[in-house]
>>> print(open('target.cif').read())   # mmCIF, C-alpha atoms
data_query
#
loop_
_atom_site.label_atom_id
_atom_site.label_comp_id
_atom_site.auth_asym_id
_atom_site.auth_seq_id
_atom_site.Cartn_x
_atom_site.Cartn_y
_atom_site.Cartn_z
CA MET E 273 0.00 0.00 0.00
CA LYS E 274 1.26 3.47 -0.86
CA ASN E 275 2.01 5.88 1.97
CA PHE E 276 -0.37 8.50 0.62
CA ASN E 277 -3.17 9.75 2.85
CA ILE E 278 -5.29 12.76 1.93
CA GLY E 279 -6.65 15.14 4.53
CA VAL E 280 -9.52 17.52 3.73
CA LEU E 281 -10.34 20.62 5.71
CA GLY E 282 -14.01 20.98 4.81
CA GLY E 283 -17.26 22.38 6.08
CA MET E 284 -16.83 25.64 4.16
CA GLY E 285 -19.54 24.69 3.18
CA THR E 286 -20.74 21.21 3.68
CA TYR E 287 -22.23 20.62 0.21
CA ALA E 288 -18.97 21.74 -1.38
CA THR E 289 -17.17 19.19 0.78
CA ILE E 290 -19.59 16.46 -0.29
CA HIS E 291 -18.93 17.45 -3.90
CA LEU E 292 -15.17 17.21 -3.31
CA PHE E 293 -15.60 13.68 -1.95
CA LYS E 294 -17.54 12.75 -5.09
CA GLN E 295 -14.73 14.21 -7.22
CA TYR E 296 -12.19 12.18 -5.26
CA ALA E 297 -14.11 8.96 -6.01
CA GLU E 298 -14.22 9.82 -9.72
CA VAL E 299 -10.62 11.02 -10.05
CA PHE E 300 -9.32 7.93 -8.22
CA PRO E 301 -11.18 5.13 -10.06
CA ALA E 302 -10.83 1.69 -8.53
CA GLU E 303 -12.12 -1.82 -9.03
CA LYS E 304 -11.38 -2.51 -5.37
CA GLU E 305 -11.74 0.15 -2.68
CA TRP E 306 -8.22 -0.40 -1.36
CA GLU E 307 -6.85 0.81 -4.68
CA ARG E 308 -7.75 4.34 -3.65
CA PRO E 309 -5.72 6.36 -1.13
CA ARG E 310 -7.14 6.90 2.33
CA ILE E 311 -9.00 10.18 2.75
CA ILE E 312 -9.91 11.82 6.04
CA ILE E 313 -12.40 14.72 6.03
CA ASP E 314 -12.79 17.21 8.85
CA ASN E 315 -16.09 18.91 8.05
CA ARG E 316 -15.39 21.79 10.46
CA CYS E 317 -18.49 23.82 9.67
CA THR E 318 -18.22 25.61 13.05
CA MET E 319 -15.37 27.86 11.90
CA PRO E 320 -15.93 31.62 11.55
CA SER E 321 -16.70 33.07 8.12
CA ARG E 322 -13.62 33.32 5.94
CA VAL E 323 -15.12 36.18 3.92
CA ARG E 324 -15.98 38.24 6.99
CA ALA E 325 -12.57 37.52 8.47
CA PHE E 326 -10.93 39.03 5.40
CA LEU E 327 -13.32 41.91 4.72
CA TYR E 328 -13.99 43.03 8.30
CA ASN E 329 -11.11 41.48 10.28
CA GLU E 330 -13.76 39.54 12.18
CA ASN E 331 -12.71 36.54 14.32
CA VAL E 332 -9.44 36.20 12.42
CA ASP E 333 -7.49 34.72 15.34
CA LYS E 334 -10.17 32.11 16.00
CA LEU E 335 -10.38 31.21 12.32
CA VAL E 336 -6.62 30.77 12.03
CA ASP E 337 -6.53 28.74 15.25
CA ASP E 338 -9.39 26.52 14.08
CA MET E 339 -7.87 25.93 10.67
CA ALA E 340 -4.42 25.21 12.11
CA ASP E 341 -5.94 22.87 14.70
CA SER E 342 -7.85 20.87 12.08
CA MET E 343 -4.86 20.65 9.77
CA GLN E 344 -2.61 19.50 12.60
CA HIS E 345 -5.17 16.84 13.58
CA LEU E 346 -5.22 15.62 9.98
CA VAL E 347 -1.42 15.32 10.06
CA ASP E 348 -1.57 13.55 13.41
CA ALA E 349 -4.07 11.11 11.87
CA GLY E 350 -1.53 10.23 9.18
CA CYS E 351 -2.34 12.63 6.34
CA ASN E 352 0.69 13.63 4.30
CA LYS E 353 -1.36 15.71 1.84
CA ILE E 354 -3.94 18.34 2.76
CA ILE E 355 -6.46 20.14 0.58
CA LEU E 356 -8.71 23.00 1.68
CA ALA E 357 -12.28 22.83 0.35
CA CYS E 358 -12.62 26.62 0.17
CA ASN E 359 -10.88 29.19 -2.00
CA THR E 360 -11.15 32.09 0.47
CA SER E 361 -9.58 30.03 3.25
CA HIS E 362 -6.28 30.11 1.35
CA LEU E 363 -5.90 33.77 2.29
CA PHE E 364 -5.06 32.68 5.83
CA LEU E 365 -2.44 30.08 4.99
CA PRO E 366 0.53 32.42 5.66
CA GLN E 367 -0.71 32.96 9.23
CA ILE E 368 -1.25 29.23 9.66
CA TYR E 369 2.26 28.47 8.41
CA ASP E 370 3.62 30.99 10.93
CA LYS E 371 1.98 28.91 13.66
CA VAL E 372 2.74 25.47 12.22
CA PRO E 373 5.51 25.74 9.58
CA GLU E 374 5.57 22.04 8.76
CA LEU E 375 2.04 22.23 7.32
CA GLU E 376 3.19 24.20 4.26
CA SER E 377 4.85 21.25 2.53
CA ARG E 378 1.66 19.19 2.82
CA VAL E 379 -0.88 21.61 1.35
CA VAL E 380 -2.04 21.34 -2.25
CA HIS E 381 -2.70 25.01 -3.03
CA ILE E 382 -5.69 24.92 -5.35
CA ILE E 383 -5.33 28.54 -6.47
CA TYR E 384 -1.75 28.14 -7.68
CA THR E 385 -2.64 24.78 -9.21
CA CYS E 386 -5.47 26.44 -11.14
CA VAL E 387 -3.29 29.31 -12.35
CA ASN E 388 -0.62 26.86 -13.54
CA LYS E 389 -3.25 24.93 -15.52
CA ILE E 390 -4.53 28.14 -17.15
CA LYS E 391 -0.95 29.03 -18.08
CA ASP E 392 -0.31 25.56 -19.52
CA ASP E 393 -3.49 25.87 -21.60
CA GLY E 394 -2.19 29.07 -23.16
CA ILE E 395 -5.12 31.15 -21.90
CA LYS E 396 -4.38 34.88 -21.94
CA GLU E 397 -7.60 36.22 -20.42
CA VAL E 398 -9.90 34.65 -17.85
CA TYR E 399 -13.05 35.67 -15.97
CA LEU E 400 -13.10 35.10 -12.22
CA LEU E 401 -16.20 34.21 -10.22
CA GLY E 402 -15.93 33.75 -6.47
CA SER E 403 -16.79 35.07 -3.06
CA GLU E 404 -16.41 38.76 -2.35
CA GLY E 405 -13.45 37.94 -0.12
CA THR E 406 -11.63 35.97 -2.80
CA ILE E 407 -12.18 38.62 -5.46
CA GLU E 408 -11.32 41.60 -3.23
CA SER E 409 -8.19 39.90 -1.89
CA LYS E 410 -6.78 39.72 -5.45
CA ILE E 411 -5.23 36.36 -4.65
CA TYR E 412 -6.15 35.08 -8.12
CA GLN E 413 -5.50 38.37 -9.89
CA ASN E 414 -1.98 38.64 -8.47
CA ALA E 415 -1.11 35.03 -9.26
CA LEU E 416 -2.44 35.39 -12.81
CA LYS E 417 -0.60 38.67 -13.31
CA GLU E 418 2.66 36.89 -12.48
CA GLU E 419 1.98 34.68 -15.50
CA ASN E 420 0.93 37.62 -17.73
CA ILE E 421 -2.70 36.46 -17.76
CA LYS E 422 -5.41 39.10 -17.67
CA CYS E 423 -8.11 38.57 -15.04
CA ILE E 424 -11.57 40.08 -15.45
CA ILE E 425 -13.89 40.30 -12.44
CA PRO E 426 -17.56 41.17 -11.92
CA GLU E 427 -18.56 44.69 -10.97
CA ARG E 428 -18.87 45.27 -7.23
CA GLN E 429 -22.60 45.83 -7.55
CA GLU E 430 -22.79 42.26 -8.88
CA TYR E 431 -21.31 40.69 -5.76
CA GLY E 432 -24.84 40.25 -4.45
CA LEU E 433 -25.63 38.01 -7.42
CA LEU E 434 -22.62 35.85 -6.60
CA ARG E 435 -23.69 35.66 -2.95
CA LYS E 436 -27.13 34.48 -4.06
CA CYS E 437 -25.57 31.67 -6.07
CA ILE E 438 -23.19 30.64 -3.29
CA GLU E 439 -25.86 30.73 -0.57
CA ALA E 440 -28.25 28.70 -2.73
CA VAL E 441 -25.75 25.84 -2.70
CA LYS E 442 -24.93 26.22 0.99
CA GLN E 443 -28.63 26.02 1.81
CA ASN E 444 -29.42 23.41 -0.88
CA LYS E 445 -32.19 25.68 -2.19
CA TYR E 446 -32.34 26.20 -5.94
CA SER E 447 -34.60 28.15 -8.25
CA ASP E 448 -34.96 29.31 -11.83
CA GLU E 449 -33.60 32.68 -10.70
CA ILE E 450 -30.38 31.07 -9.42
CA ARG E 451 -30.00 29.10 -12.64
CA ASP E 452 -30.44 32.22 -14.78
CA ILE E 453 -28.04 34.31 -12.68
CA PHE E 454 -25.35 31.63 -12.77
CA LEU E 455 -25.65 30.92 -16.49
CA GLU E 456 -25.40 34.62 -17.31
CA LEU E 457 -22.31 35.06 -15.14
CA VAL E 458 -20.45 31.97 -16.28
CA SER E 459 -21.11 32.65 -19.97
CA ARG E 460 -19.46 36.08 -20.07
CA SER E 461 -16.02 34.93 -21.18
CA ASP E 462 -14.47 32.12 -23.17
CA ALA E 463 -12.57 31.05 -20.02
CA CYS E 464 -13.93 31.19 -16.48
CA ILE E 465 -12.59 30.28 -13.03
CA LEU E 466 -15.18 28.92 -10.61
CA GLY E 467 -13.33 30.48 -7.68
CA CYS E 468 -15.73 29.39 -4.96
CA THR E 469 -16.22 25.72 -4.16
CA GLU E 470 -20.01 26.07 -4.29
CA LEU E 471 -20.02 27.23 -7.92
CA PRO E 472 -18.93 23.92 -9.52
CA ILE E 473 -22.09 22.37 -8.08
CA LEU E 474 -24.17 24.92 -10.01
CA TYR E 475 -22.09 24.25 -13.10
CA GLU E 476 -22.73 20.54 -12.77
CA MET E 477 -26.47 21.24 -12.47
CA TYR E 478 -26.91 23.90 -15.14
CA GLY E 479 -23.81 24.45 -17.22
CA LYS E 480 -22.94 21.30 -19.10
CA ASP E 481 -24.12 22.76 -22.42
CA ILE E 482 -21.94 25.86 -22.05
CA ASP E 483 -19.19 25.86 -24.66
CA LYS E 484 -16.58 27.63 -22.52
CA LYS E 485 -13.29 26.72 -20.87
CA ILE E 486 -14.26 26.23 -17.23
CA TYR E 487 -11.71 25.89 -14.43
CA ASP E 488 -12.70 24.23 -11.16
CA PRO E 489 -9.74 24.82 -8.80
CA LEU E 490 -10.79 22.16 -6.33
CA LEU E 491 -11.11 19.51 -9.04
CA LEU E 492 -7.70 20.53 -10.37
CA GLY E 493 -6.33 20.11 -6.84
CA VAL E 494 -7.75 16.59 -6.61
CA GLN E 495 -6.31 15.78 -10.03
CA LYS E 496 -2.92 17.03 -8.86
CA LEU E 497 -3.19 14.67 -5.90
CA LYS E 498 -3.90 11.84 -8.35
CA GLU E 499 -0.76 12.69 -10.33
CA GLU E 500 1.34 12.65 -7.17
CA TYR E 501 -0.27 9.37 -6.09
CA ASP E 502 0.51 7.74 -9.44
CA ASP E 503 4.13 8.90 -9.25
CA ILE E 504 4.79 7.00 -6.02
#
>>> encode(input="target.cif", output="structure tokens")
Amino acid sequence: MKNFNIGVLGGMGTYATIHLFKQYAEVFPAEKEWERPRIIIDNRCTMPSRVRAFLYNENVDKLVDDMADSMQHLVDAGCNKIILACNTSHLFLPQIYDKVPELESRVVHIIYTCVNKIKDDGIKEVYLLGSEGTIESKIYQNALKEENIKCIIPERQEYGLLRKCIEAVKQNKYSDEIRDIFLELVSRSDACILGCTELPILYEMYGKDIDKKIYDPLLLGVQKLKEEYDDI
């Protein structure tokens, strides 16, 4: 058996974490269950809001402590790879690494993984959808700029539309309005990053007929884990 155990810091939100687990099962196909790597999920839905922590400096210390605690518990349980099931949570990784430096080598950073894939695909311009915290932090914009890739974002007055889409998934409540909002947003550019882990669920529900280049950072992170697993 390969010494390859995946840890997931989830609960941000729960349906996105369930979707990640489904992606894991599909990315790691197996005739026998033991052909897949072990995966341990901490669905820590009790953590403070990542968006509010960034935008309003609200409960930042508690959020960092909770994230670091969960990640350390995953390591203690035997996980040598860790993936965060939330884009916005990556903003707090530097503070977590200050507390627990050894965690850095274990994290699959889905934002950098996504940007590298966009670069490899030769994309020169991409549209970013995500939480208000992710967009305003410029974590994607800065990483894309380093690779000379132009990043387009929604207008600030449209953040409310994104929140509607994200909250619909978190609450598992869908409507024709949510479908129409999402399809309009995701169809604006030939290449689009689904920079919130709730949005790929909407894409799976409504967007399969969209002829666009769609990037799901969490799926790309799971695929990167598969590549590393195969290389062992």
>>> resolve_selection(input="target.cif", expression="the PyMOL selection byres ((chain E and resi 428) around 12)", output="PyMOL selection string")
chain E and resi 401-405+407-408+425-427+429-435
>>> resolve_selection(input="target.cif", expression="the PyMOL selection byres ((chain E and resi 470-482) around 6)", output="PyMOL selection string")
chain E and resi 288+438+441+466+468-469+483-484
>>> residues_around(input="target.cif", residues="Cys386 in chain E", least_positions_apart="3", cutoff="7 Å", atoms="all atoms listed in the file", output="ChimeraX atom specification")
/E:382-383,389-390,489,492
>>> residues_around(input="target.cif", residues="Leu356 in chain E", least_positions_apart="4", cutoff="12 Å", atoms="only C-alpha atoms", output="PDB file with C-alpha atoms, in the coordinates of the input")
ATOM      1  CA  ILE E 278      -5.290  12.760   1.930  1.00  0.00           C
ATOM      2  CA  GLY E 279      -6.650  15.140   4.530  1.00  0.00           C
ATOM      3  CA  VAL E 280      -9.520  17.520   3.730  1.00  0.00           C
ATOM      4  CA  LEU E 281     -10.340  20.620   5.710  1.00  0.00           C
ATOM      5  CA  GLY E 282     -14.010  20.980   4.810  1.00  0.00           C
ATOM      6  CA  GLY E 283     -17.260  22.380   6.080  1.00  0.00           C
ATOM      7  CA  MET E 284     -16.830  25.640   4.160  1.00  0.00           C
ATOM      8  CA  GLY E 285     -19.540  24.690   3.180  1.00  0.00           C
ATOM      9  CA  ALA E 288     -18.970  21.740  -1.380  1.00  0.00           C
ATOM     10  CA  THR E 289     -17.170  19.190   0.780  1.00  0.00           C
ATOM     11  CA  LEU E 292     -15.170  17.210  -3.310  1.00  0.00           C
ATOM     12  CA  ILE E 313     -12.400  14.720   6.030  1.00  0.00           C
ATOM     13  CA  ASP E 314     -12.790  17.210   8.850  1.00  0.00           C
ATOM     14  CA  ASN E 315     -16.090  18.910   8.050  1.00  0.00           C
ATOM     15  CA  ARG E 316     -15.390  21.790  10.460  1.00  0.00           C
ATOM     16  CA  MET E 339      -7.870  25.930  10.670  1.00  0.00           C
ATOM     17  CA  ALA E 340      -4.420  25.210  12.110  1.00  0.00           C
ATOM     18  CA  SER E 342      -7.850  20.870  12.080  1.00  0.00           C
ATOM     19  CA  MET E 343      -4.860  20.650   9.770  1.00  0.00           C
ATOM     20  CA  LEU E 346      -5.220  15.620   9.980  1.00  0.00           C
ATOM     21  CA  THR E 360     -11.150  32.090   0.470  1.00  0.00           C
ATOM     22  CA  SER E 361      -9.580  30.030   3.250  1.00  0.00           C
ATOM     23  CA  HIS E 362      -6.280  30.110   1.350  1.00  0.00           C
ATOM     24  CA  LEU E 363      -5.900  33.770   2.290  1.00  0.00           C
ATOM     25  CA  PHE E 364      -5.060  32.680   5.830  1.00  0.00           C
ATOM     26  CA  LEU E 365      -2.440  30.080   4.990  1.00  0.00           C
ATOM     27  CA  ARG E 378       1.660  19.190   2.820  1.00  0.00           C
ATOM     28  CA  VAL E 379      -0.880  21.610   1.350  1.00  0.00           C
ATOM     29  CA  VAL E 380      -2.040  21.340  -2.250  1.00  0.00           C
ATOM     30  CA  HIS E 381      -2.700  25.010  -3.030  1.00  0.00           C
ATOM     31  CA  ILE E 382      -5.690  24.920  -5.350  1.00  0.00           C
ATOM     32  CA  ILE E 383      -5.330  28.540  -6.470  1.00  0.00           C
ATOM     33  CA  CYS E 468     -15.730  29.390  -4.960  1.00  0.00           C
ATOM     34  CA  THR E 469     -16.220  25.720  -4.160  1.00  0.00           C
ATOM     35  CA  PRO E 489      -9.740  24.820  -8.800  1.00  0.00           C
ATOM     36  CA  LEU E 490     -10.790  22.160  -6.330  1.00  0.00           C
ATOM     37  CA  LEU E 491     -11.110  19.510  -9.040  1.00  0.00           C
ATOM     38  CA  GLY E 493      -6.330  20.110  -6.840  1.00  0.00           C
ATOM     39  CA  VAL E 494      -7.750  16.590  -6.610  1.00  0.00           C
TER      40      VAL E 494
END
>>> closest_residue(input="target.cif", among="E:Gln344, E:Ser409, E:Asn352, E:Asn275", to="Lys371 in chain E", atoms="all atoms listed in the file")
E:Gln344
>>> resolve_selection(input="target.cif", expression="the PyMOL selection byres ((chain E and resi 454-463) around 6)", output="PyMOL selection string")
chain E and resi 398+451-453+464+484-486
>>> closest_residue(input="target.cif", among="E:Val387, E:Val336, E:Ile311, E:Val323", to="Cys358 in chain E", atoms="all atoms listed in the file")
E:Val323
>>> atom_distance(input="target.cif", atom1="CA of Gly394 in chain E", atom2="CA of Lys496 in chain E")
18.7 Å
>>> atom_distance(input="target.cif", atom1="CA of Tyr399 in chain E", atom2="CA of Cys423 in chain E")
5.8 Å
>>> closest_residue(input="target.cif", among="E:Ile411, E:Ile450, E:Val299, E:Leu497", to="Asn359 in chain E", atoms="all atoms listed in the file")
E:Ile411
>>> atom_distance(input="target.cif", atom1="CA of Val347 in chain E", atom2="CA of Asn277 in chain E")
9.3 Å
>>> axis_aligned_box(input="target.cif", around="range 335-343 of chain E", padding_each_side="6 Å", output="AutoDock Vina command-line options")
--center_x -7.4 --center_y 25.9 --center_z 12.5 --size_x 18.0 --size_y 22.6 --size_z 17.5
>>> closest_residue(input="target.cif", among="E:Lys498, E:His345, E:Lys391, E:Lys445", to="Ala297 in chain E", atoms="all atoms listed in the file")
E:Lys498
